[in-house]
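Note: the block below is target08.pdb and it holds PDB, C-alpha atoms and all ligand atoms.
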```pdb
ATOM      1  CA  MET Z   1      12.779 -42.914  41.248
ATOM      2  CA  SER Z   2      11.907 -42.098  37.606
ATOM      3  CA  ARG Z   3      13.535 -39.176  35.753
ATOM      4  CA  THR Z   4      10.039 -37.618  35.527
ATOM      5  CA  SER Z   5       9.689 -37.599  39.334
ATOM      6  CA  ILE Z   6      13.256 -36.353  39.846
ATOM      7  CA  ALA Z   7      12.656 -33.453  37.443
ATOM      8  CA  ALA Z   8       9.327 -32.626  39.137
ATOM      9  CA  LEU Z   9      10.999 -32.516  42.585
ATOM     10  CA  ALA Z  10      13.857 -30.395  41.211
ATOM     11  CA  ASN Z  11      11.283 -27.898  39.942
ATOM     12  CA  VAL Z  12       9.590 -27.659  43.336
ATOM     13  CA  ALA Z  13      12.967 -27.043  44.989
ATOM     14  CA  ALA Z  14      14.021 -24.454  42.397
ATOM     15  CA  TYR Z  15      10.778 -22.510  41.999
ATOM     16  CA  ASP Z  16       9.605 -22.479  45.605
ATOM     17  CA  GLY Z  17      12.846 -20.683  46.465
ATOM     18  CA  PHE Z  18      12.868 -18.266  43.513
ATOM     19  CA  GLU Z  19      12.502 -14.549  44.120
ATOM     20  CA  SER Z  20      10.485 -12.853  41.391
ATOM     21  CA  ALA Z  21      13.410 -10.626  40.308
ATOM     22  CA  ASP Z  22      15.738 -13.640  39.941
ATOM     23  CA  TYR Z  23      13.175 -15.481  37.851
ATOM     24  CA  ILE Z  24      12.691 -12.515  35.522
ATOM     25  CA  ASP Z  25      16.457 -12.010  35.136
ATOM     26  CA  GLY Z  26      16.812 -15.578  33.801
ATOM     27  CA  ALA Z  27      13.580 -15.582  31.738
ATOM     28  CA  PRO Z  28      14.188 -13.845  28.361
ATOM     29  CA  HIS Z  29      10.500 -13.936  27.368
ATOM     30  CA  ILE Z  30       9.608 -11.803  30.386
ATOM     31  CA  LYS Z  31      12.794  -9.762  30.641
ATOM     32  CA  HIS Z  32      12.983  -8.323  27.084
ATOM     33  CA  ALA Z  33      10.274  -6.004  25.718
ATOM     34  CA  SER Z  34      10.764  -7.368  22.164
ATOM     35  CA  LEU Z  35       9.986 -10.934  23.281
ATOM     36  CA  ARG Z  36       7.072  -9.805  25.461
ATOM     37  CA  GLU Z  37       5.697  -8.125  22.333
ATOM     38  CA  LEU Z  38       6.157 -11.240  20.179
ATOM     39  CA  TYR Z  39       4.548 -13.336  22.898
ATOM     40  CA  ALA Z  40       1.609 -10.914  23.254
ATOM     41  CA  THR Z  41       1.042 -10.988  19.471
ATOM     42  CA  LEU Z  42       0.884 -14.795  19.353
ATOM     43  CA  LEU Z  43      -1.247 -14.987  22.503
ATOM     44  CA  HIS Z  44      -3.689 -12.477  21.024
ATOM     45  CA  GLN Z  45      -3.839 -14.451  17.764
ATOM     46  CA  VAL Z  46      -4.652 -17.635  19.707
ATOM     47  CA  PHE Z  47      -7.269 -15.846  21.820
ATOM     48  CA  VAL Z  48      -9.021 -14.251  18.821
ATOM     49  CA  ARG Z  49      -9.267 -17.608  17.029
ATOM     50  CA  ALA Z  50     -10.752 -19.201  20.167
ATOM     51  CA  ALA Z  51     -13.124 -16.308  20.900
ATOM     52  CA  ALA Z  52     -14.579 -16.620  17.389
ATOM     53  CA  VAL Z  53     -15.888 -20.048  18.501
ATOM     54  CA  THR Z  54     -16.549 -19.383  22.233
ATOM     55  CA  PRO Z  55     -16.894 -15.797  23.476
ATOM     56  CA  LYS Z  56     -15.299 -16.589  26.867
ATOM     57  CA  PRO Z  57     -12.748 -19.310  26.046
ATOM     58  CA  ARG Z  58     -11.585 -21.810  28.679
ATOM     59  CA  VAL Z  59      -7.809 -21.885  29.056
ATOM     60  CA  LEU Z  60      -5.686 -24.515  30.805
ATOM     61  CA  ASP Z  61      -2.331 -22.966  31.760
ATOM     62  CA  LEU Z  62       0.266 -25.704  32.371
ATOM     63  CA  GLY Z  63       3.260 -24.741  34.511
ATOM     64  CA  ALA Z  64       1.568 -21.402  35.148
ATOM     65  CA  GLY Z  65       4.326 -20.019  37.408
ATOM     66  CA  GLU Z  66       3.693 -16.453  38.512
ATOM     67  CA  GLY Z  67       0.972 -15.981  35.909
ATOM     68  CA  SER Z  68       2.680 -14.516  32.846
ATOM     69  CA  VAL Z  69       0.142 -16.395  30.687
ATOM     70  CA  THR Z  70      -2.797 -16.593  33.055
ATOM     71  CA  LEU Z  71      -2.975 -12.831  33.633
ATOM     72  CA  PRO Z  72      -3.102 -11.736  29.953
ATOM     73  CA  PHE Z  73      -5.701 -14.406  29.137
ATOM     74  CA  LEU Z  74      -7.840 -13.310  32.103
ATOM     75  CA  THR Z  75      -7.464  -9.691  31.025
ATOM     76  CA  LEU Z  76      -8.716 -10.601  27.544
ATOM     77  CA  GLY Z  77     -11.805 -12.209  29.093
ATOM     78  CA  ALA Z  78     -10.919 -15.926  29.261
ATOM     79  CA  ARG Z  79     -11.614 -18.315  32.138
ATOM     80  CA  VAL Z  80      -8.390 -19.967  33.285
ATOM     81  CA  VAL Z  81      -7.380 -23.087  35.182
ATOM     82  CA  ALA Z  82      -3.742 -22.543  36.262
ATOM     83  CA  ILE Z  83      -1.663 -25.566  37.314
ATOM     84  CA  ASP Z  84       1.841 -25.554  38.752
ATOM     85  CA  ILE Z  85       3.834 -27.829  41.023
ATOM     86  CA  SER Z  86       5.222 -24.904  43.049
ATOM     87  CA  GLN Z  87       2.912 -23.458  45.704
ATOM     88  CA  GLY Z  88       5.249 -20.462  46.030
ATOM     89  CA  GLN Z  89       4.745 -19.585  42.354
ATOM     90  CA  LEU Z  90       0.987 -20.055  42.612
ATOM     91  CA  ASP Z  91       0.784 -17.761  45.661
ATOM     92  CA  ARG Z  92       2.289 -14.986  43.522
ATOM     93  CA  LEU Z  93      -0.023 -15.819  40.635
ATOM     94  CA  LYS Z  94      -3.035 -15.609  42.948
ATOM     95  CA  ALA Z  95      -1.951 -12.185  44.252
ATOM     96  CA  ARG Z  96      -1.346 -10.837  40.718
ATOM     97  CA  CYS Z  97      -4.700 -12.092  39.413
ATOM     98  CA  VAL Z  98      -6.855 -11.207  42.415
ATOM     99  CA  GLU Z  99      -9.232  -8.954  40.478
ATOM    100  CA  PHE Z 100     -10.109 -11.875  38.170
ATOM    101  CA  ARG Z 101     -10.601 -14.466  40.935
ATOM    102  CA  ASP Z 102     -14.133 -15.346  39.727
ATOM    103  CA  SER Z 103     -12.706 -16.552  36.388
ATOM    104  CA  LEU Z 104      -9.694 -18.344  37.850
ATOM    105  CA  GLU Z 105      -9.084 -21.775  39.354
ATOM    106  CA  ILE Z 106      -5.645 -22.571  40.779
ATOM    107  CA  ARG Z 107      -4.294 -26.076  41.338
ATOM    108  CA  CYS Z 108      -0.985 -27.108  42.858
ATOM    109  CA  GLN Z 109      -0.277 -30.414  41.090
ATOM    110  CA  ASP Z 110       2.359 -32.317  39.140
ATOM    111  CA  LEU Z 111       1.299 -32.052  35.507
ATOM    112  CA  ASN Z 112       2.546 -35.526  34.735
ATOM    113  CA  VAL Z 113      -0.277 -36.741  36.960
ATOM    114  CA  ALA Z 114      -2.811 -33.904  36.649
ATOM    115  CA  LEU Z 115      -3.093 -33.989  32.870
ATOM    116  CA  HIS Z 116      -3.698 -37.707  32.767
ATOM    117  CA  ASP Z 117      -6.450 -37.384  35.436
ATOM    118  CA  GLU Z 118      -8.028 -34.335  33.815
ATOM    119  CA  LYS Z 119     -11.592 -34.879  32.583
ATOM    120  CA  GLU Z 120     -12.516 -31.344  31.460
ATOM    121  CA  SER Z 121     -11.964 -30.022  27.952
ATOM    122  CA  TYR Z 122     -10.568 -26.613  26.998
ATOM    123  CA  ASP Z 123     -10.474 -24.151  24.116
ATOM    124  CA  ILE Z 124      -6.779 -23.410  24.673
ATOM    125  CA  VAL Z 125      -4.075 -25.409  26.459
ATOM    126  CA  VAL Z 126      -0.890 -23.396  27.075
ATOM    127  CA  ALA Z 127       2.576 -24.640  28.030
ATOM    128  CA  ASN Z 128       4.671 -21.498  28.276
ATOM    129  CA  SER Z 129       8.381 -22.025  28.923
ATOM    130  CA  LEU Z 130       7.470 -25.462  30.218
ATOM    131  CA  LEU Z 131       8.287 -28.257  27.764
ATOM    132  CA  HIS Z 132      12.033 -28.109  28.472
ATOM    133  CA  HIS Z 133      11.268 -28.850  32.153
ATOM    134  CA  ILE Z 134       9.456 -32.106  31.358
ATOM    135  CA  PRO Z 135      11.601 -35.163  30.489
ATOM    136  CA  ASP Z 136       8.817 -36.827  28.450
ATOM    137  CA  TYR Z 137       7.283 -33.717  26.868
ATOM    138  CA  SER Z 138       5.815 -35.768  23.982
ATOM    139  CA  SER Z 139       3.491 -37.596  26.388
ATOM    140  CA  LEU Z 140       2.548 -34.299  28.000
ATOM    141  CA  ILE Z 141       1.706 -32.740  24.604
ATOM    142  CA  ARG Z 142      -0.273 -35.822  23.589
ATOM    143  CA  ALA Z 143      -2.302 -35.584  26.817
ATOM    144  CA  ALA Z 144      -2.730 -31.809  26.349
ATOM    145  CA  LEU Z 145      -4.052 -32.248  22.798
ATOM    146  CA  GLY Z 146      -6.464 -34.846  24.139
ATOM    147  CA  ARG Z 147      -8.019 -32.223  26.443
ATOM    148  CA  LEU Z 148      -8.881 -29.832  23.605
ATOM    149  CA  ASN Z 149     -12.363 -29.092  22.269
ATOM    150  CA  PRO Z 150     -12.859 -29.886  18.554
ATOM    151  CA  LYS Z 151     -11.705 -26.348  17.577
ATOM    152  CA  GLY Z 152      -9.197 -26.113  20.452
ATOM    153  CA  GLN Z 153      -5.589 -24.904  20.234
ATOM    154  CA  PHE Z 154      -2.311 -25.871  21.876
ATOM    155  CA  PHE Z 155       0.084 -22.962  22.436
ATOM    156  CA  SER Z 156       3.636 -23.105  23.734
ATOM    157  CA  PHE Z 157       6.357 -20.460  23.773
ATOM    158  CA  GLN Z 158      10.001 -20.212  24.821
ATOM    159  CA  ASP Z 159      11.637 -23.593  24.423
ATOM    160  CA  PRO Z 160      15.146 -24.093  23.057
ATOM    161  CA  LEU Z 161      15.296 -25.496  19.517
ATOM    162  CA  ARG Z 162      16.883 -28.958  19.317
ATOM    163  CA  TYR Z 163      20.595 -28.113  19.523
ATOM    164  CA  SER Z 164      21.609 -30.439  16.693
ATOM    165  CA  SER Z 165      19.234 -28.527  14.378
ATOM    166  CA  LEU Z 166      21.193 -25.274  14.851
ATOM    167  CA  GLY Z 167      24.025 -24.328  12.525
ATOM    168  CA  ALA Z 168      27.537 -24.096  14.011
ATOM    169  CA  PHE Z 169      27.469 -20.285  14.089
ATOM    170  CA  GLN Z 170      24.005 -20.058  15.663
ATOM    171  CA  ARG Z 171      25.077 -22.494  18.347
ATOM    172  CA  MET Z 172      28.323 -20.658  19.053
ATOM    173  CA  PHE Z 173      26.568 -17.274  19.174
ATOM    174  CA  SER Z 174      23.841 -18.661  21.403
ATOM    175  CA  ASN Z 175      26.315 -20.211  23.861
ATOM    176  CA  GLY Z 176      28.488 -17.068  23.806
ATOM    177  CA  SER Z 177      25.462 -14.864  24.549
ATOM    178  CA  TYR Z 178      24.545 -17.070  27.479
ATOM    179  CA  TYR Z 179      28.071 -16.748  28.924
ATOM    180  CA  VAL Z 180      27.999 -12.944  28.598
ATOM    181  CA  TRP Z 181      25.083 -13.048  31.063
ATOM    182  CA  ARG Z 182      26.277 -16.004  33.124
ATOM    183  CA  PHE Z 183      29.700 -14.555  33.960
ATOM    184  CA  GLY Z 184      27.992 -11.694  35.761
ATOM    185  CA  LYS Z 185      26.085 -14.107  38.025
ATOM    186  CA  GLY Z 186      28.928 -15.532  40.123
ATOM    187  CA  ASP Z 187      29.468 -19.254  40.874
ATOM    188  CA  VAL Z 188      31.312 -19.393  37.533
ATOM    189  CA  PHE Z 189      33.851 -22.087  38.457
ATOM    190  CA  ALA Z 190      31.166 -24.566  39.599
ATOM    191  CA  GLY Z 191      29.101 -23.710  36.513
ATOM    192  CA  VAL Z 192      31.997 -24.512  34.164
ATOM    193  CA  GLN Z 193      32.667 -27.775  36.038
ATOM    194  CA  ARG Z 194      29.025 -28.801  35.600
ATOM    195  CA  ARG Z 195      29.158 -27.936  31.912
ATOM    196  CA  LEU Z 196      32.295 -30.022  31.353
ATOM    197  CA  ARG Z 197      30.757 -32.948  33.250
ATOM    198  CA  ARG Z 198      27.605 -32.811  31.109
ATOM    199  CA  GLN Z 199      29.701 -32.682  27.944
ATOM    200  CA  ARG Z 200      31.059 -36.080  29.033
ATOM    201  CA  GLY Z 201      27.440 -37.296  29.205
ATOM    202  CA  VAL Z 202      27.446 -37.470  33.027
ATOM    203  CA  PHE Z 203      24.254 -36.220  34.710
ATOM    204  CA  THR Z 204      23.343 -36.299  38.401
ATOM    205  CA  ASP Z 205      20.093 -36.165  40.401
ATOM    206  CA  SER Z 206      20.888 -32.554  41.412
ATOM    207  CA  VAL Z 207      18.496 -29.612  41.044
ATOM    208  CA  HIS Z 208      20.959 -28.099  38.532
ATOM    209  CA  ASP Z 209      20.727 -31.075  36.162
ATOM    210  CA  ASN Z 210      16.983 -31.623  36.434
ATOM    211  CA  THR Z 211      15.074 -28.327  36.657
ATOM    212  CA  GLU Z 212      15.560 -27.204  33.054
ATOM    213  CA  TYR Z 213      15.925 -30.817  31.989
ATOM    214  CA  HIS Z 214      16.295 -30.395  28.216
ATOM    215  CA  VAL Z 215      18.195 -27.089  28.371
ATOM    216  CA  VAL Z 216      21.168 -28.943  29.862
ATOM    217  CA  ARG Z 217      20.772 -31.857  27.438
ATOM    218  CA  ASP Z 218      19.730 -31.594  23.747
ATOM    219  CA  GLY Z 219      17.085 -28.841  23.610
ATOM    220  CA  VAL Z 220      13.463 -29.580  22.641
ATOM    221  CA  ASP Z 221      12.766 -31.324  19.339
ATOM    222  CA  GLN Z 222      10.537 -28.977  17.310
ATOM    223  CA  ASP Z 223      10.318 -31.431  14.389
ATOM    224  CA  GLN Z 224       9.154 -34.269  16.609
ATOM    225  CA  ILE Z 225       6.482 -31.988  18.124
ATOM    226  CA  ALA Z 226       5.269 -30.881  14.674
ATOM    227  CA  ALA Z 227       5.089 -34.515  13.538
ATOM    228  CA  LEU Z 228       3.183 -35.522  16.687
ATOM    229  CA  CYS Z 229       0.628 -32.715  16.272
ATOM    230  CA  LYS Z 230       0.124 -33.543  12.595
ATOM    231  CA  SER Z 231      -0.298 -37.245  13.332
ATOM    232  CA  LEU Z 232      -3.154 -36.298  15.688
ATOM    233  CA  GLY Z 233      -4.904 -34.199  13.035
ATOM    234  CA  PHE Z 234      -3.598 -30.734  13.970
ATOM    235  CA  GLN Z 235      -2.056 -28.077  11.790
ATOM    236  CA  CYS Z 236       1.151 -27.074  13.544
ATOM    237  CA  ASP Z 237       2.859 -23.691  13.167
ATOM    238  CA  ILE Z 238       6.411 -23.477  14.558
ATOM    239  CA  HIS Z 239       7.650 -19.895  15.105
ATOM    240  CA  LYS Z 240      11.423 -19.638  15.506
ATOM    241  CA  TYR Z 241      13.119 -16.633  17.116
ATOM    242  CA  PHE Z 242      16.229 -15.595  19.028
ATOM    243  CA  SER Z 243      16.281 -15.380  22.807
ATOM    244  CA  THR Z 244      18.989 -15.021  25.411
ATOM    245  CA  GLN Z 245      19.239 -13.678  28.940
ATOM    246  CA  SER Z 246      21.759 -10.919  28.144
ATOM    247  CA  ARG Z 247      20.292  -7.442  27.532
ATOM    248  CA  VAL Z 248      23.292  -6.643  25.298
ATOM    249  CA  MET Z 249      23.206  -9.786  23.160
ATOM    250  CA  GLN Z 250      19.407 -10.044  22.721
ATOM    251  CA  PRO Z 251      19.068  -7.164  20.200
ATOM    252  CA  ILE Z 252      22.249  -8.234  18.379
ATOM    253  CA  GLY Z 253      21.079 -11.822  17.855
ATOM    254  CA  ALA Z 254      17.608 -10.639  16.822
ATOM    255  CA  ALA Z 255      19.049  -8.086  14.347
ATOM    256  CA  MET Z 256      21.145 -10.905  12.817
ATOM    257  CA  ASN Z 257      17.934 -12.911  12.337
ATOM    258  CA  LEU Z 258      19.300 -15.817  14.356
ATOM    259  CA  ALA Z 259      16.974 -18.379  15.908
ATOM    260  CA  ASN Z 260      17.553 -20.662  18.894
ATOM    261  CA  THR Z 261      14.081 -20.780  20.471
ATOM    262  CA  PHE Z 262      10.576 -21.641  19.295
ATOM    263  CA  ALA Z 263       6.852 -21.337  19.861
ATOM    264  CA  VAL Z 264       4.140 -23.779  18.759
ATOM    265  CA  ILE Z 265       0.549 -23.093  17.790
ATOM    266  CA  ALA Z 266      -1.356 -26.274  16.970
ATOM    267  CA  HIS Z 267      -4.937 -25.967  15.743
ATOM    268  CA  ARG Z 268      -7.431 -27.800  13.561
TER
HETATM  269  C1  LIG Z 301      10.048 -21.386  33.417
HETATM  270  S1  LIG Z 301       8.677 -21.475  34.470
HETATM  271  C2  LIG Z 301       7.398 -20.867  33.401
HETATM  272  C3  LIG Z 301       6.314 -20.169  34.160
HETATM  273  C4  LIG Z 301       5.310 -19.441  33.277
HETATM  274  N1  LIG Z 301       4.578 -20.366  32.421
HETATM  275  C5  LIG Z 301       6.026 -18.400  32.463
HETATM  276  O1  LIG Z 301       6.123 -18.543  31.256
HETATM  277  O2  LIG Z 301       6.510 -17.441  33.055
HETATM  278  C6  LIG Z 301       8.289 -23.204  34.522
HETATM  279  C7  LIG Z 301       7.177 -23.523  35.504
HETATM  280  O3  LIG Z 301       6.820 -24.883  35.324
HETATM  281  C8  LIG Z 301       6.565 -25.447  36.599
HETATM  282  N2  LIG Z 301       6.733 -26.899  36.490
HETATM  283  C9  LIG Z 301       7.852 -27.574  36.145
HETATM  284  N3  LIG Z 301       7.620 -28.902  36.161
HETATM  285  C10 LIG Z 301       6.328 -29.072  36.536
HETATM  286  C11 LIG Z 301       5.505 -30.210  36.733
HETATM  287  N4  LIG Z 301       5.956 -31.458  36.568
HETATM  288  N5  LIG Z 301       4.220 -30.005  37.105
HETATM  289  C12 LIG Z 301       3.729 -28.753  37.265
HETATM  290  N6  LIG Z 301       4.467 -27.634  37.100
HETATM  291  C13 LIG Z 301       5.754 -27.794  36.729
HETATM  292  C14 LIG Z 301       7.590 -24.779  37.517
HETATM  293  O4  LIG Z 301       7.223 -24.868  38.872
HETATM  294  C15 LIG Z 301       7.595 -23.352  36.965
HETATM  295  O5  LIG Z 301       6.670 -22.533  37.636
END
```

Let me see the file written as structure tokens.
Amino acid sequence: MSRTSIAALANVAAYDGFESADYIDGAPHIKHASLRELYATLLHQVFVRAAAVTPKPRVLDLGAGEGSVTLPFLTLGARVVAIDISQGQLDRLKARCVEFRDSLEIRCQDLNVALHDEKESYDIVVANSLLHHIPDYSSLIRAALGRLNPKGQFFSFQDPLRYSSLGAFQRMFSNGSYYVWRFGKGDVFAGVQRRLRRQRGVFTDSVHDNTEYHVVRDGVDQDQIAALCKSLGFQCDIHKYFSTQSRVMQPIGAAMNLANTFAVIAHR
């Protein structure tokens, strides 16, 4: 089985079983008000640019989850197609977005297949907290850019910067912040064992090693993404910021102006 299929199956197993509260606890961009605000600002910027061309923009939300992107875009007046591989996540999305059902289409599909079969074009394609779940995210971005209207935009948020691009202190602070949160979650011994195994370059087919595929490997390569977008004729803005799960460490890292995470807005 390919690493793409293994990662897709790991995501079904992980997200179908996730309780909403557990997801939020491990999702800094939803957990912390400061990151929700940053996200809302960028989302609004993307929407306004699209609405200047099309009053009711069409949005394709990739890896839509419980609807943290779909709902704000619907609220702003967009029409949204939301795709996710987890039916459990989509059931929650549907319930949260019920008042906008006339502007919403929901599809339970593997994006690695869905995007390549997609024939429609969109004003905005979003991949929020998704790229690090996809082994070959470059192919996914290439396919996403191919589904955009001439003035369309690609928007992603909340992926870890390529680890080798971080300075030693940023990396140490980032890892330390993660452990401050992780030690309160139990299962610490097994977690440390997994970490040591991965440091030796040994990965398994387990859910642990394949759900957040690039988080447990090298991060997501922001420079490669910028180069890809530019090579396809897009202007690419990379926004770097600090994010961590710990409520204590989040404001400290942000106040120190550290960055370990990024967003992308690609437009023509
Ligand atoms: C971290 S969550 C992000 C959810 C939402 N976009 C957000 O920001 O809250 C990642 C989502 O991607 C979905 N996903 C992962 N791999 C996928 C794939 N190959 N096809 C479709 N969805 C996938 C997962 O099921 C999960 O709902």

### Query
Which chains and residue numbers are within 9 Å of ligand LIG 301 (chain Z), counting only C-alpha atoms and all ligand atoms, if I want them as a PyMOL selection string?
chain Z and resi 4-5+7-16+23-24+26-27+29-30+61-70+83-90+108-114+126-134+157-158+211-212

### Query
Could you name the residues that touch range 183-190 of chain Z at 12 Å or less, counting only C-alpha atoms, but leaving out those on the same chain fewer than 4 positions away, as a list in words?
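Surrounding residues, per the criterion: Asp22, Asp25, Gly26, Gly176, Ser177, Tyr178, Tyr179, Arg194, Arg195, Leu196, Arg197, His208, Gln245 and Ser246 of chain Z.
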
### Message
With all atoms listed in the file as the counted atoms, please give the residues lying no more than 6 Å from range 137-152 of chain Z, apart from itself and same-chain residues fewer than 6 positions off, as a ChimeraX atom specification.
### Response
/Z:121-124,131

### Query
If you apply the PyMOL selection byres (((chain Z and resi 46-50) around 10) and not hetatm) to this file, what residues do you get, as a list in words?
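Here the PyMOL selection byres (((chain Z and resi 46-50) around 10) and not hetatm) matches Ala40, Thr41, Leu42, Leu43, His44, Gln45, Ala51, Ala52, Val53, Thr54, Pro55, Lys56, Pro57, Arg58, Val59, Phe73, Leu76, Gly77, Ala78, Asp123, Ile124, Lys151, Gly152, Gln153, Phe154, Phe155, Ile265, Ala266 and His267 of chain Z.
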
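Taking CA of Asp221 in chain Z as the reference point, CA of Leu161 in chain Z is found at 6.4 Å.
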
### Query
What do you get, as a PyMOL selection string, if you spell out every residue that the PyMOL selection byres (((chain Z and resi 103) around 9) and not hetatm) selects here?
chain Z and resi 74+77-81+100-102+104-105

#### Entry: Who sits within 9 Å of range 234-243 of chain Z, all atoms listed in the file, same chain under 2 positions skipped, as a PyMOL selection string
chain Z and resi 28-29+32+35+145+153+157-158+160-161+174+222-223+225-232+245-246+249-251+253-254+257-268

#### Entry: Protein/DNA/RNA residues near (17.8, -35.1, 38.4), cut 7 Å, all atoms listed in the file, as a VMD selection string
chain Z and resid 3 6 to 7 10 204 to 207 209 to 210

Starting from the point (22.3, -30.3, 28.8), work out which residues of protein, DNA or RNA have an atom no more than 9 Å away when counting all atoms listed in the file; state them as a PDB file with C-alpha atoms, in the coordinates of the input.
```pdb
ATOM      1  CA  ARG Z 195      29.158 -27.936  31.912  1.00  0.00           C
ATOM      2  CA  ARG Z 198      27.605 -32.811  31.109  1.00  0.00           C
ATOM      3  CA  GLN Z 199      29.701 -32.682  27.944  1.00  0.00           C
ATOM      4  CA  GLY Z 201      27.440 -37.296  29.205  1.00  0.00           C
ATOM      5  CA  PHE Z 203      24.254 -36.220  34.710  1.00  0.00           C
ATOM      6  CA  ASP Z 209      20.727 -31.075  36.162  1.00  0.00           C
ATOM      7  CA  GLU Z 212      15.560 -27.204  33.054  1.00  0.00           C
ATOM      8  CA  TYR Z 213      15.925 -30.817  31.989  1.00  0.00           C
ATOM      9  CA  HIS Z 214      16.295 -30.395  28.216  1.00  0.00           C
ATOM     10  CA  VAL Z 215      18.195 -27.089  28.371  1.00  0.00           C
ATOM     11  CA  VAL Z 216      21.168 -28.943  29.862  1.00  0.00           C
ATOM     12  CA  ARG Z 217      20.772 -31.857  27.438  1.00  0.00           C
ATOM     13  CA  ASP Z 218      19.730 -31.594  23.747  1.00  0.00           C
ATOM     14  CA  GLY Z 219      17.085 -28.841  23.610  1.00  0.00           C
TER      15      GLY Z 219
END
```

Listed atoms of range 16-34 of chain Z boxed axis-aligned with 8 Å per side, centre + edges as JSON:
```
{"center_x": 13.2, "center_y": -14.2, "center_z": 34.3, "size_x": 23.2, "size_y": 32.5, "size_z": 40.3}
```
